[in-house]
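Reviewing the structure listed below.
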Amino acid sequence: MNKLKASRIGVFCGSNSGTDPAYTHAATQLGTLLAKEKIGLVYGGGNVGLMGEIANAALASGGEVIGVIPHALASKELAHSGLTDLRVVNTMHERKAMMAQLSDAFIALPGGFGTLDEFCEILTWAQLGLHRKPCALLNVAGYFDPLLALFDRAVRESFLPKEHRAMLRVGDDPRALLEEISAYCAPVVEKWVSRSEI
């Protein structure tokens with residue numbers, strides 16, 4: 001199977017910066033790297049927290065940055081005003097669908113409920129065979145270790161097939177993670193449902 005050449009990567013991350021400066025550093029590093037590699041950034045459209053950091057880093061290095069944000073958040077002045085393209089949608093569901101459509105791969109950085117919701121949904125779509133795009137965690141300072149331990153327990157307890165657990169790419173270095181994404185070959189997964197059924 002051919003290696004992926006991602007033209008855009010969807011990034012899910014926190015609207016807060018977190019307590020560890022390593023989180024901000026990783027977001028800035030990834031945004032800069034995407035721009036230098038001529039890979040567009042697709043993200044949640046905010047100007048705060050790690051979202052703002054990664055967008056500003058990509059923009060500062062001349063990268064393409066597409067934000068997708070619901071009206072409710074945009075109206076609270078959380079939308080980034082300096083993006084290449086800002087798409088304002090009606091709902092969170094529309095946001096996730098548009099980000100999925102625009103992206104060739106997905107990376108999650110540290111974040112809260114929203115980050116986990118967005119990333120786990122896109123990972124579930126891969127499990128269901130609705131897309132064959134790589135999904136990765138940038139595991140800054142071991143942030144996702146408890147989540148990874150839960151996934152491993154789900155395999156042991158027969159809630160998650162080990163083949164589906166193996167779809168998830170994980171790394172703590174942005175450049176190495178991009179290389180893993182580029183080398184990703186999606187396993188053959190029976191398509192359980194069609195998009196119209198979900």
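Residues in the structure tokens are named by chain (A, B, ... in the order shown) and by number from 1 within that chain; ligands are numbered from 1 in the order shown.
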Residues of segment 28-184 of chain A in helix (DSSP H, G or I) according to DSSP, as an mmCIF file with N, CA and C atoms, in the first residue's frame?
data_model
loop_
_atom_site.group_PDB
_atom_site.id
_atom_site.type_symbol
_atom_site.label_atom_id
_atom_site.label_comp_id
_atom_site.auth_asym_id
_atom_site.auth_seq_id
_atom_site.Cartn_x
_atom_site.Cartn_y
_atom_site.Cartn_z
ATOM 1 N N THR A 28 3.530 24.558 19.793
ATOM 2 C CA THR A 28 4.300 25.480 18.944
ATOM 3 C C THR A 28 5.208 24.721 17.999
ATOM 4 N N GLN A 29 5.849 23.689 18.520
ATOM 5 C CA GLN A 29 6.758 22.875 17.714
ATOM 6 C C GLN A 29 6.009 22.189 16.569
ATOM 7 N N LEU A 30 4.842 21.628 16.870
ATOM 8 C CA LEU A 30 4.070 20.938 15.841
ATOM 9 C C LEU A 30 3.554 21.919 14.795
ATOM 10 N N GLY A 31 3.037 23.070 15.233
ATOM 11 C CA GLY A 31 2.551 24.057 14.274
ATOM 12 C C GLY A 31 3.632 24.534 13.329
ATOM 13 N N THR A 32 4.811 24.798 13.872
ATOM 14 C CA THR A 32 5.950 25.226 13.051
ATOM 15 C C THR A 32 6.361 24.138 12.071
ATOM 16 N N LEU A 33 6.407 22.910 12.560
ATOM 17 C CA LEU A 33 6.813 21.779 11.728
ATOM 18 C C LEU A 33 5.836 21.546 10.580
ATOM 19 N N LEU A 34 4.534 21.614 10.854
ATOM 20 C CA LEU A 34 3.545 21.428 9.795
ATOM 21 C C LEU A 34 3.744 22.462 8.692
ATOM 22 N N ALA A 35 3.957 23.709 9.086
ATOM 23 C CA ALA A 35 4.160 24.763 8.087
ATOM 24 C C ALA A 35 5.410 24.512 7.267
ATOM 25 N N LYS A 36 6.499 24.128 7.919
ATOM 26 C CA LYS A 36 7.757 23.901 7.203
ATOM 27 C C LYS A 36 7.666 22.705 6.266
ATOM 28 N N GLY A 49 -5.520 29.071 24.441
ATOM 29 C CA GLY A 49 -4.955 27.802 24.852
ATOM 30 C C GLY A 49 -4.020 27.199 23.822
ATOM 31 N N LEU A 50 -3.923 25.871 23.836
ATOM 32 C CA LEU A 50 -3.061 25.180 22.883
ATOM 33 C C LEU A 50 -3.549 25.385 21.453
ATOM 34 N N MET A 51 -4.858 25.582 21.284
ATOM 35 C CA MET A 51 -5.399 25.849 19.953
ATOM 36 C C MET A 51 -4.774 27.111 19.368
ATOM 37 N N GLY A 52 -4.743 28.169 20.149
ATOM 38 C CA GLY A 52 -4.150 29.405 19.681
ATOM 39 C C GLY A 52 -2.664 29.270 19.443
ATOM 40 N N GLU A 53 -1.979 28.522 20.302
ATOM 41 C CA GLU A 53 -0.529 28.356 20.172
ATOM 42 C C GLU A 53 -0.155 27.653 18.872
ATOM 43 N N ILE A 54 -0.841 26.556 18.560
ATOM 44 C CA ILE A 54 -0.481 25.817 17.354
ATOM 45 C C ILE A 54 -0.824 26.607 16.093
ATOM 46 N N ALA A 55 -1.957 27.309 16.120
ATOM 47 C CA ALA A 55 -2.342 28.118 14.961
ATOM 48 C C ALA A 55 -1.353 29.249 14.738
ATOM 49 N N ASN A 56 -0.987 29.948 15.797
ATOM 50 C CA ASN A 56 -0.067 31.076 15.664
ATOM 51 C C ASN A 56 1.312 30.624 15.194
ATOM 52 N N ALA A 57 1.754 29.471 15.681
ATOM 53 C CA ALA A 57 3.058 28.954 15.258
ATOM 54 C C ALA A 57 3.055 28.611 13.777
ATOM 55 N N ALA A 58 1.986 27.963 13.316
ATOM 56 C CA ALA A 58 1.896 27.611 11.896
ATOM 57 C C ALA A 58 1.818 28.863 11.026
ATOM 58 N N LEU A 59 1.018 29.826 11.445
ATOM 59 C CA LEU A 59 0.888 31.067 10.682
ATOM 60 C C LEU A 59 2.211 31.829 10.626
ATOM 61 N N ALA A 60 2.930 31.872 11.752
ATOM 62 C CA ALA A 60 4.202 32.590 11.805
ATOM 63 C C ALA A 60 5.245 31.996 10.871
ATOM 64 N N HIS A 71 -20.946 28.571 15.640
ATOM 65 C CA HIS A 71 -21.397 29.947 15.863
ATOM 66 C C HIS A 71 -21.336 30.317 17.340
ATOM 67 N N ALA A 72 -21.768 29.398 18.210
ATOM 68 C CA ALA A 72 -21.859 29.710 19.632
ATOM 69 C C ALA A 72 -20.512 30.097 20.218
ATOM 70 N N LEU A 73 -19.435 29.436 19.772
ATOM 71 C CA LEU A 73 -18.105 29.761 20.267
ATOM 72 C C LEU A 73 -17.534 30.984 19.565
ATOM 73 N N ALA A 74 -17.809 31.106 18.270
ATOM 74 C CA ALA A 74 -17.311 32.262 17.523
ATOM 75 C C ALA A 74 -17.888 33.556 18.071
ATOM 76 N N MET A 92 -21.482 21.476 16.964
ATOM 77 C CA MET A 92 -20.250 20.729 17.205
ATOM 78 C C MET A 92 -20.159 19.511 16.289
ATOM 79 N N HIS A 93 -21.299 18.909 15.995
ATOM 80 C CA HIS A 93 -21.305 17.754 15.093
ATOM 81 C C HIS A 93 -20.835 18.158 13.705
ATOM 82 N N GLU A 94 -21.294 19.307 13.236
ATOM 83 C CA GLU A 94 -20.862 19.795 11.923
ATOM 84 C C GLU A 94 -19.376 20.121 11.937
ATOM 85 N N ARG A 95 -18.894 20.636 13.050
ATOM 86 C CA ARG A 95 -17.465 20.941 13.166
ATOM 87 C C ARG A 95 -16.641 19.676 12.968
ATOM 88 N N LYS A 96 -16.995 18.615 13.689
ATOM 89 C CA LYS A 96 -16.235 17.374 13.596
ATOM 90 C C LYS A 96 -16.298 16.785 12.193
ATOM 91 N N ALA A 97 -17.471 16.820 11.577
ATOM 92 C CA ALA A 97 -17.617 16.274 10.224
ATOM 93 C C ALA A 97 -16.778 17.054 9.222
ATOM 94 N N MET A 98 -16.756 18.380 9.355
ATOM 95 C CA MET A 98 -15.980 19.190 8.415
ATOM 96 C C MET A 98 -14.480 18.996 8.623
ATOM 97 N N MET A 99 -14.054 18.916 9.877
ATOM 98 C CA MET A 99 -12.641 18.670 10.140
ATOM 99 C C MET A 99 -12.211 17.323 9.572
ATOM 100 N N ALA A 100 -13.078 16.331 9.702
ATOM 101 C CA ALA A 100 -12.777 15.006 9.154
ATOM 102 C C ALA A 100 -12.667 15.059 7.640
ATOM 103 N N GLN A 101 -13.546 15.804 7.015
ATOM 104 C CA GLN A 101 -13.548 15.912 5.556
ATOM 105 C C GLN A 101 -12.296 16.621 5.041
ATOM 106 N N LEU A 102 -11.843 17.639 5.750
ATOM 107 C CA LEU A 102 -10.729 18.457 5.296
ATOM 108 C C LEU A 102 -9.361 17.842 5.575
ATOM 109 N N PHE A 113 -12.321 17.236 27.927
ATOM 110 C CA PHE A 113 -13.415 16.440 27.383
ATOM 111 C C PHE A 113 -13.584 16.633 25.876
ATOM 112 N N GLY A 114 -13.546 17.886 25.412
ATOM 113 C CA GLY A 114 -13.758 18.147 23.988
ATOM 114 C C GLY A 114 -12.713 17.490 23.117
ATOM 115 N N THR A 115 -11.448 17.587 23.526
ATOM 116 C CA THR A 115 -10.354 16.965 22.776
ATOM 117 C C THR A 115 -10.532 15.465 22.711
ATOM 118 N N LEU A 116 -10.853 14.862 23.858
ATOM 119 C CA LEU A 116 -11.023 13.410 23.903
ATOM 120 C C LEU A 116 -12.229 12.973 23.088
ATOM 121 N N ASP A 117 -13.315 13.750 23.154
ATOM 122 C CA ASP A 117 -14.510 13.442 22.375
ATOM 123 C C ASP A 117 -14.200 13.448 20.886
ATOM 124 N N GLU A 118 -13.559 14.509 20.434
ATOM 125 C CA GLU A 118 -13.276 14.649 19.003
ATOM 126 C C GLU A 118 -12.343 13.556 18.514
ATOM 127 N N PHE A 119 -11.285 13.298 19.294
ATOM 128 C CA PHE A 119 -10.319 12.312 18.850
ATOM 129 C C PHE A 119 -10.894 10.902 18.892
ATOM 130 N N CYS A 120 -11.590 10.560 19.968
ATOM 131 C CA CYS A 120 -12.139 9.203 20.063
ATOM 132 C C CYS A 120 -13.211 8.953 19.006
ATOM 133 N N GLU A 121 -13.961 9.999 18.632
ATOM 134 C CA GLU A 121 -14.948 9.795 17.575
ATOM 135 C C GLU A 121 -14.267 9.510 16.242
ATOM 136 N N ILE A 122 -13.220 10.260 15.923
ATOM 137 C CA ILE A 122 -12.545 10.051 14.642
ATOM 138 C C ILE A 122 -11.834 8.696 14.631
ATOM 139 N N LEU A 123 -11.342 8.257 15.798
ATOM 140 C CA LEU A 123 -10.721 6.938 15.915
ATOM 141 C C LEU A 123 -11.766 5.838 15.761
ATOM 142 N N THR A 124 -12.947 6.065 16.303
ATOM 143 C CA THR A 124 -14.042 5.107 16.151
ATOM 144 C C THR A 124 -14.456 4.978 14.689
ATOM 145 N N TRP A 125 -14.467 6.093 13.972
ATOM 146 C CA TRP A 125 -14.795 6.041 12.542
ATOM 147 C C TRP A 125 -13.790 5.170 11.787
ATOM 148 N N ALA A 126 -12.521 5.237 12.182
ATOM 149 C CA ALA A 126 -11.515 4.368 11.569
ATOM 150 C C ALA A 126 -11.799 2.908 11.900
ATOM 151 N N GLN A 127 -12.168 2.645 13.158
ATOM 152 C CA GLN A 127 -12.491 1.287 13.582
ATOM 153 C C GLN A 127 -13.671 0.733 12.785
ATOM 154 N N VAL A 140 2.611 14.214 25.058
ATOM 155 C CA VAL A 140 3.519 15.170 25.697
ATOM 156 C C VAL A 140 3.590 14.901 27.201
ATOM 157 N N ALA A 141 4.812 14.715 27.693
ATOM 158 C CA ALA A 141 5.043 14.515 29.130
ATOM 159 C C ALA A 141 4.175 13.393 29.712
ATOM 160 N N GLY A 142 3.906 12.381 28.901
ATOM 161 C CA GLY A 142 3.120 11.237 29.365
ATOM 162 C C GLY A 142 1.661 11.535 29.627
ATOM 163 N N ASP A 145 -0.775 8.699 28.981
ATOM 164 C CA ASP A 145 -0.464 7.369 29.517
ATOM 165 C C ASP A 145 -1.677 6.687 30.160
ATOM 166 N N PRO A 146 -2.468 7.392 30.990
ATOM 167 C CA PRO A 146 -3.637 6.722 31.578
ATOM 168 C C PRO A 146 -4.666 6.279 30.526
ATOM 169 N N LEU A 147 -4.820 7.084 29.472
ATOM 170 C CA LEU A 147 -5.749 6.714 28.401
ATOM 171 C C LEU A 147 -5.247 5.478 27.661
ATOM 172 N N LEU A 148 -3.959 5.429 27.401
ATOM 173 C CA LEU A 148 -3.378 4.273 26.715
ATOM 174 C C LEU A 148 -3.499 3.020 27.572
ATOM 175 N N ALA A 149 -3.338 3.187 28.879
ATOM 176 C CA ALA A 149 -3.512 2.044 29.781
ATOM 177 C C ALA A 149 -4.958 1.545 29.748
ATOM 178 N N LEU A 150 -5.910 2.474 29.639
ATOM 179 C CA LEU A 150 -7.320 2.084 29.528
ATOM 180 C C LEU A 150 -7.565 1.325 28.230
ATOM 181 N N PHE A 151 -7.000 1.809 27.114
ATOM 182 C CA PHE A 151 -7.152 1.106 25.838
ATOM 183 C C PHE A 151 -6.576 -0.310 25.939
ATOM 184 N N ASP A 152 -5.419 -0.442 26.587
ATOM 185 C CA ASP A 152 -4.802 -1.766 26.729
ATOM 186 C C ASP A 152 -5.681 -2.680 27.588
ATOM 187 N N ARG A 153 -6.295 -2.112 28.626
ATOM 188 C CA ARG A 153 -7.209 -2.923 29.437
ATOM 189 C C ARG A 153 -8.427 -3.331 28.622
ATOM 190 N N ALA A 154 -8.917 -2.418 27.759
ATOM 191 C CA ALA A 154 -10.063 -2.754 26.916
ATOM 192 C C ALA A 154 -9.751 -3.939 26.017
ATOM 193 N N VAL A 155 -8.490 -4.034 25.556
ATOM 194 C CA VAL A 155 -8.082 -5.198 24.759
ATOM 195 C C VAL A 155 -8.102 -6.448 25.634
ATOM 196 N N ARG A 156 -7.499 -6.356 26.821
ATOM 197 C CA ARG A 156 -7.451 -7.531 27.716
ATOM 198 C C ARG A 156 -8.834 -8.005 28.114
ATOM 199 N N LYS A 162 -7.402 -6.239 19.336
ATOM 200 C CA LYS A 162 -6.019 -5.760 19.351
ATOM 201 C C LYS A 162 -5.635 -5.133 18.006
ATOM 202 N N GLU A 163 -6.275 -5.594 16.921
ATOM 203 C CA GLU A 163 -5.988 -5.008 15.606
ATOM 204 C C GLU A 163 -6.437 -3.551 15.549
ATOM 205 N N HIS A 164 -7.527 -3.244 16.225
ATOM 206 C CA HIS A 164 -8.019 -1.866 16.252
ATOM 207 C C HIS A 164 -7.179 -1.014 17.196
ATOM 208 N N ARG A 165 -6.739 -1.583 18.296
ATOM 209 C CA ARG A 165 -5.828 -0.860 19.196
ATOM 210 C C ARG A 165 -4.542 -0.489 18.457
ATOM 211 N N PRO A 174 7.143 15.467 17.833
ATOM 212 C CA PRO A 174 6.319 15.808 16.662
ATOM 213 C C PRO A 174 6.872 15.314 15.339
ATOM 214 N N ARG A 175 8.168 15.474 15.108
ATOM 215 C CA ARG A 175 8.733 15.044 13.825
ATOM 216 C C ARG A 175 8.643 13.541 13.650
ATOM 217 N N ALA A 176 8.988 12.805 14.690
ATOM 218 C CA ALA A 176 8.909 11.343 14.607
ATOM 219 C C ALA A 176 7.476 10.884 14.407
ATOM 220 N N LEU A 177 6.526 11.584 15.037
ATOM 221 C CA LEU A 177 5.128 11.207 14.883
ATOM 222 C C LEU A 177 4.646 11.461 13.461
ATOM 223 N N LEU A 178 5.083 12.559 12.859
ATOM 224 C CA LEU A 178 4.733 12.819 11.457
ATOM 225 C C LEU A 178 5.297 11.741 10.550
ATOM 226 N N GLU A 179 6.490 11.269 10.849
ATOM 227 C CA GLU A 179 7.082 10.185 10.052
ATOM 228 C C GLU A 179 6.279 8.899 10.200
ATOM 229 N N GLU A 180 5.803 8.637 11.420
ATOM 230 C CA GLU A 180 4.951 7.459 11.627
ATOM 231 C C GLU A 180 3.652 7.574 10.847
ATOM 232 N N ILE A 181 3.080 8.761 10.848
ATOM 233 C CA ILE A 181 1.843 8.997 10.102
ATOM 234 C C ILE A 181 2.081 8.778 8.611
ATOM 235 N N SER A 182 3.212 9.269 8.119
ATOM 236 C CA SER A 182 3.524 9.130 6.688
ATOM 237 C C SER A 182 3.701 7.668 6.292
ATOM 238 N N ALA A 183 4.204 6.859 7.224
ATOM 239 C CA ALA A 183 4.448 5.443 6.939
ATOM 240 C C ALA A 183 3.236 4.565 7.217
#
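Note that atom CA of Ala136 of chain A and atom CA of Arg169 of chain A are 4.4 Å apart.
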Could you find all residues in segment 50-121 of chain A that DSSP calls strand (DSSP E) from the backbone, and write them as a ChimeraX atom specification?
-> /A:65-70,85-89,105-108
Residue with smallest distance to His131 of chain A - pool A:Ala186, A:Ile107, A:Val89, A:Leu168, counting only C-alpha atoms |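 Ranked by minimum distance to His131 of chain A, first place goes to A:Ala186.
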Would you mind telling me which residue in A:Val188, A:Ala26, A:Val88, A:Ile39 lies nearest to Met167 of chain A when using only C-alpha atoms?
->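 Closest residue, counting only C-alpha atoms: A:Val188.
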With only C-alpha atoms as the basis for distance, which of A:Lys133, A:Leu109, A:His80, A:Arg87 is at the shortest distance from His25 of chain A?
->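 Closest to His25 of chain A, using only C-alpha atoms: A:Leu109.
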Using only C-alpha atoms, the best pick from A:Ser61, A:Ser158, A:Gly40, A:Pro110 as closest to Asp85 of chain A would be A:Gly40
One-decimal distance in Å that lies between atom CA of Asp172 of chain A and atom CA of Gly63 of chain A = 22.3 Å
Grab the atom CA of Pro70 of chain A to atom CA of Tyr143 of chain A distance for me, in Å with one decimal place.
-> 27.2 Å
Between A:Val65, A:Leu160, A:Val170, A:Leu138, which is the closest to Ser103 of chain A once you count only C-alpha atoms?
->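 Using only C-alpha atoms, Ser103 of chain A sits closest to A:Val65.
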